[in-house]
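> Right, I'll just put the structure down here and ask away after.
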Amino acid sequence: MSAPLALKTHGLSKRFGDFLAVDAVNLEVVSGDIHALIGPNGAGKSTFFNLLTKFHLPSAGQIVFEGQDITALVPAAIARLGVVRSFQISAIFPAMTALENVRVALQSRAGIVFQFWRSKAVLSQFTERARELLAEVGLLPQAEQLASSLPYGQRRALELATTLAMEPRLLLLDEPTQGMGAEDVARTADLIRRVAKNRTVLMVEHNMGVVSRIADRISVLQRGRLIASGSYDEVSRQPAVLEAYLGHRGQRV
Ligand code: ADP
Ligand code: MG
């Protein structure tokens, strides 16, 4: 029996005018996997993510999440099912503490209007869950610090905690280690592996050290097309992949 799929796309395409940014992509992401999406700049990786969350409307094709066709759903409905994107824009309120940031995310997920729900019981429930999420990303010691006072790596971890507050089942990470020094890159890779324990992760990542270390499977996009999908060893041996990379950035995959 084959492993259950968290995500399956059929012929998923996005056209901007005459330009096909995502070209008939059939991608399968196994439940529980960390799946890396790689490819040269401009290959269509971020556009593909934007199709999954319906930030962009697909020009053609289908998106199936946990066996359900979600192609026609609105973004809020997709988020409610647990397809959630992180590391796209900074969603952090700098003048709030780390704990308050996560609590606000939990409250907005619950759809609670703050003014009407000042009951201590409700608020302390959120506080408890917020502390759990901070602990999950290793930020519990910084709970009472202002977000603005946190170093870059910890702010990104806080962003991840606010995303986890959305209860993702499929977590989409677009270049989570971008702009980080070696130490933060290693820490972030460990963190992704930790939060992936009971979730599926699809991540765009350029750092091949991170990809080879934490990804269960890898898919390669080139000019909007899926040119390879498989384990790191399988994918990195394919001539089309080597060509796409050597042609573009002179690095071996
Ligand atoms: P990647 O994330 O792989 O670097 P993108 O998905 O950002 O690539 O972009 C893929 C291609 O689609 C690029 O050529 C980009 O210029 C183009 N593109 C992305 N978004 C738009 C848009 N909103 N309108 C027109 N072209 C776009
Ligand atoms: Mg991109």
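Chain labels run A, B, ... following the order of the structure tokens; each chain numbers its residues from 1, and ligands are numbered from 1 in the order shown.
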How would you write, as a ChimeraX atom specification, the set of residues in region 54-190 of chain A that DSSP gives as strand (DSSP E)?
/A:60-65,68-69,83-86,170-174
> Give me the residues within 10 Å of Gln238 (chain A) as a list in words, counting only C-alpha atoms and dropping any in the same chain fewer than 3 places off.
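Residues meeting the cut-off are Ile227, Ala228, Ser229, Asp233, Glu234, Val235, Val241, Leu242, Glu243 and Val253 of chain A.
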> Around ligand 1, which protein and nucleic acid residues have at least one atom no more than 6 Å from it, if we count only C-alpha atoms and all ligand atoms? List them as JSON, numbers by chain.
{"A": [16, 21, 41, 42, 43, 44, 45, 46, 47]}
> Using only C-alpha atoms and all ligand atoms, which protein or nucleic acid residues are at most 12 Å from ligand 2, as a list in words?
Ala21, Leu37, Ile38, Gly39, Pro40, Asn41, Gly42, Ala43, Gly44, Lys45, Ser46, Thr47, Phe48, Phe49, Asn50, Phe87, Gln88, Leu173, Asp174, Glu175, Pro176, Gln178, Met203, Val204, Glu205, His206, Leu221 and Gly224 of chain A
> For Ser219 (chain A), which residue out of A:Gly17, A:Arg129, A:Val25, A:Leu140 is the nearest one, using only C-alpha atoms?
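For Ser219 (chain A), the nearest of the candidates is A:Val25.
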> Please list as a ChimeraX atom specification every residue within 7 Å of Leu12 (chain A), counting only C-alpha atoms and excluding residues in the same chain fewer than 6 positions away.
/A:23-26,58,60-62
> Which residue gives the smallest distance to Gly67 (chain A) among A:Leu51, A:Val211, A:Ala91, A:Leu5, with only C-alpha atoms counted?
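Among the listed residues, the smallest separation from Gly67 (chain A) belongs to A:Leu5.
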> At a cut-off of 7 Å, using only C-alpha atoms, what residues contact Ile63 (chain A)? Leave out same-chain residues fewer than 6 positions from it and give the result as a VMD selection string.
chain A and resid 8 to 10 69 to 71
> With N, CA and C atoms kept, could you save the residues just selected as a compact mmCIF listing (two decimals), in the first residue's frame?

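Result file follows (result-v4.txt):
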```txt
# COMPACT_ATOMS: atom_id res chain seq x y z
N LYS A 8 -1.88 16.59 -3.39
CA LYS A 8 -1.68 16.11 -4.76
C LYS A 8 -2.18 17.21 -5.70
N THR A 9 -1.35 17.61 -6.63
CA THR A 9 -1.83 18.56 -7.63
C THR A 9 -1.88 17.85 -8.98
N HIS A 10 -2.89 18.20 -9.77
CA HIS A 10 -3.06 17.62 -11.10
C HIS A 10 -3.00 18.74 -12.12
N ASP A 69 -10.86 17.72 -2.90
CA ASP A 69 -10.55 18.72 -3.92
C ASP A 69 -10.81 20.11 -3.35
N ILE A 70 -9.74 20.88 -3.17
CA ILE A 70 -9.88 22.21 -2.54
C ILE A 70 -9.71 23.33 -3.56
N THR A 71 -9.68 22.96 -4.86
CA THR A 71 -9.38 23.94 -5.91
C THR A 71 -10.33 25.14 -5.88
```
> Taking only C-alpha atoms into account, which of A:Ala110, A:Ala186, A:Met96, A:Val64 comes nearest Leu158 (chain A)?
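Under the stated criterion, the closest residue is A:Met96.
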> Which residues are near Thr188 (chain A)? Cut-off 8 Å, only C-alpha atoms, ignore same chain within fewer than 3 positions. Put them as a tab-separated table (two decimals) with N, CA, C and O atoms, in the first residue's frame.

```tsv
chain	number	residue	atom	x	y	z
A	153	GLY	N	17.13	35.63	14.08
A	153	GLY	CA	16.80	34.20	14.09
A	153	GLY	C	15.62	33.91	15.02
A	153	GLY	O	14.75	33.10	14.69
A	157	ALA	N	11.75	32.52	14.39
A	157	ALA	CA	11.16	31.43	15.19
A	157	ALA	C	9.80	31.86	15.74
A	157	ALA	O	8.85	31.07	15.79
A	176	PRO	N	12.80	29.45	4.32
A	176	PRO	CA	12.86	29.75	5.76
A	176	PRO	C	14.24	30.15	6.27
A	176	PRO	O	14.31	30.80	7.32
A	177	THR	N	15.30	29.79	5.57
A	177	THR	CA	16.64	30.14	6.08
A	177	THR	C	17.26	31.32	5.34
A	177	THR	O	18.41	31.68	5.58
A	184	ASP	N	22.18	30.30	12.61
A	184	ASP	CA	20.72	30.35	12.56
A	184	ASP	C	20.17	29.35	11.55
A	184	ASP	O	19.10	28.78	11.75
A	185	VAL	N	20.91	29.13	10.45
A	185	VAL	CA	20.47	28.15	9.45
A	185	VAL	C	20.37	26.78	10.09
A	185	VAL	O	19.36	26.08	9.96
A	191	LEU	N	14.78	23.18	13.95
A	191	LEU	CA	13.44	23.62	14.35
A	191	LEU	C	12.38	23.07	13.39
A	191	LEU	O	11.33	22.59	13.81
A	192	ILE	N	12.67	23.14	12.09
A	192	ILE	CA	11.72	22.64	11.09
A	192	ILE	C	11.50	21.14	11.30
A	192	ILE	O	10.38	20.65	11.28
```
> When you count only C-alpha atoms, which of these residues is closest to Leu202 (chain A): A:Glu183, A:Glu136, A:Asp18, A:Glu28?
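Nearest candidate to Leu202 (chain A) out of A:Glu183, A:Glu136, A:Asp18, A:Glu28: A:Glu28.
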> Neighbouring residues of Thr97 (chain A) were defined as those with any atom within 7 Å, considering only C-alpha atoms; residues of the same chain fewer than 5 positions away were excluded. Please report them as a PDB file with N, CA, C and O atoms, in the first residue's frame.

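Listed below is the output, out_7.pdb:
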```pdb
ATOM      1  N   ALA A 143       9.660  34.632  26.357  1.00  0.00           N
ATOM      2  CA  ALA A 143       8.213  34.881  26.306  1.00  0.00           C
ATOM      3  C   ALA A 143       7.842  36.331  26.621  1.00  0.00           C
ATOM      4  O   ALA A 143       6.969  36.917  25.978  1.00  0.00           O
ATOM      5  N   GLU A 144       8.504  36.925  27.608  1.00  0.00           N
ATOM      6  CA  GLU A 144       8.117  38.268  28.035  1.00  0.00           C
ATOM      7  C   GLU A 144       8.925  39.374  27.358  1.00  0.00           C
ATOM      8  O   GLU A 144       8.756  40.549  27.669  1.00  0.00           O
ATOM      9  N   GLN A 145       9.793  38.990  26.432  1.00  0.00           N
ATOM     10  CA  GLN A 145      10.574  40.022  25.725  1.00  0.00           C
ATOM     11  C   GLN A 145       9.770  40.609  24.572  1.00  0.00           C
ATOM     12  O   GLN A 145       8.992  39.909  23.915  1.00  0.00           O
ATOM     13  N   LEU A 146      10.005  41.895  24.308  1.00  0.00           N
ATOM     14  CA  LEU A 146       9.359  42.529  23.164  1.00  0.00           C
ATOM     15  C   LEU A 146       9.890  41.891  21.881  1.00  0.00           C
ATOM     16  O   LEU A 146      11.089  41.615  21.762  1.00  0.00           O
ATOM     17  N   ALA A 147       8.993  41.679  20.927  1.00  0.00           N
ATOM     18  CA  ALA A 147       9.401  41.074  19.652  1.00  0.00           C
ATOM     19  C   ALA A 147      10.525  41.890  19.013  1.00  0.00           C
ATOM     20  O   ALA A 147      11.455  41.332  18.430  1.00  0.00           O
TER      21      ALA A 147
END
```
> Using CA of Met180 (chain A) and CA of Leu226 (chain A) as the two end points, give the distance in Å to one decimal.
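Value for the CA of Met180 (chain A)-CA of Leu226 (chain A) distance: 27.6 Å.
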> Using DSSP on the backbone coordinates, identify all residues within region 8-229 of chain A classified as alpha helix (DSSP H); present the result as a ChimeraX atom specification.
/A:45-52,75-81,98-110,120-136,152-164,182-195,208-214
> Find, counting only C-alpha atoms, the residue in A:Arg223, A:Arg103, A:Arg155, A:Arg237 that gets nearest to Lys14 (chain A).
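Selected residue with least distance to Lys14 (chain A): A:Arg223.
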> Ranking A:Leu57, A:Arg217, A:Ser236, A:Gly138 by minimum distance to Leu27 (chain A) and counting only C-alpha atoms, which one comes first?
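Counting only C-alpha atoms, the residue closest to Leu27 (chain A) is A:Arg217.
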> Find the residues near Arg193 (chain A): any atom within 9 Å, counting only C-alpha atoms, skip ones fewer than 6 places away on the same chain, and give them as an NGL selection string.
:A and (34 or 214-215)
